[in-house]
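Asker: Before I ask anything, here is the structure I am working with.
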Amino acid sequence: MTIYMNSLRNKVTRNAALKLSKHRELGTKSNLSVFEVAALMDKLKNAELMEDNRNTVFFSAAMN
């Protein structure tokens, strides 16, 4: 189950990054709204935070 969740998380992150890069290339011709771009950026940021939190938990467990 965890492998599936990690795969799903990676897929969501990759798709968000791809949509943002396309938006960046298209500039004003992009069909994404400000709110959609913000949601995509939040997905990327939250993925990074989740990875940092997971590493912190494992580090804490190793110290005990």
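Note on naming: chains are A, B, ... as they come in the structure tokens, residues start from 1 per chain, ligands start from 1 in the order shown.
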Find the spatial neighbours of Arg14 in chain A, counting only C-alpha atoms, within a cut-off of 12 Å - ignore same-chain residues fewer than 3 positions away - and output them as an MDAnalysis selection string.
Answerer: chainID A and resid 7:11 17:21 40:41 43:44 47
Asker: In Å, rounded to a single decimal, give me how far CA of Asn46 in chain A is from CA of Val12 in chain A.
Answerer: 11.1 Å
Asker: What is the distance, in Å and to one decimal place, between CA of Met50 in chain A and CA of Asn15 in chain A?
Answerer: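 Interatomic distance here is 17.1 Å.
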Asker: Quick one: pull the distance between CA of His23 in chain A and CA of Met5 in chain A, Å, one decimal.
Answerer: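 Interatomic distance, CA of His23 in chain A to CA of Met5 in chain A: 26.9 Å.
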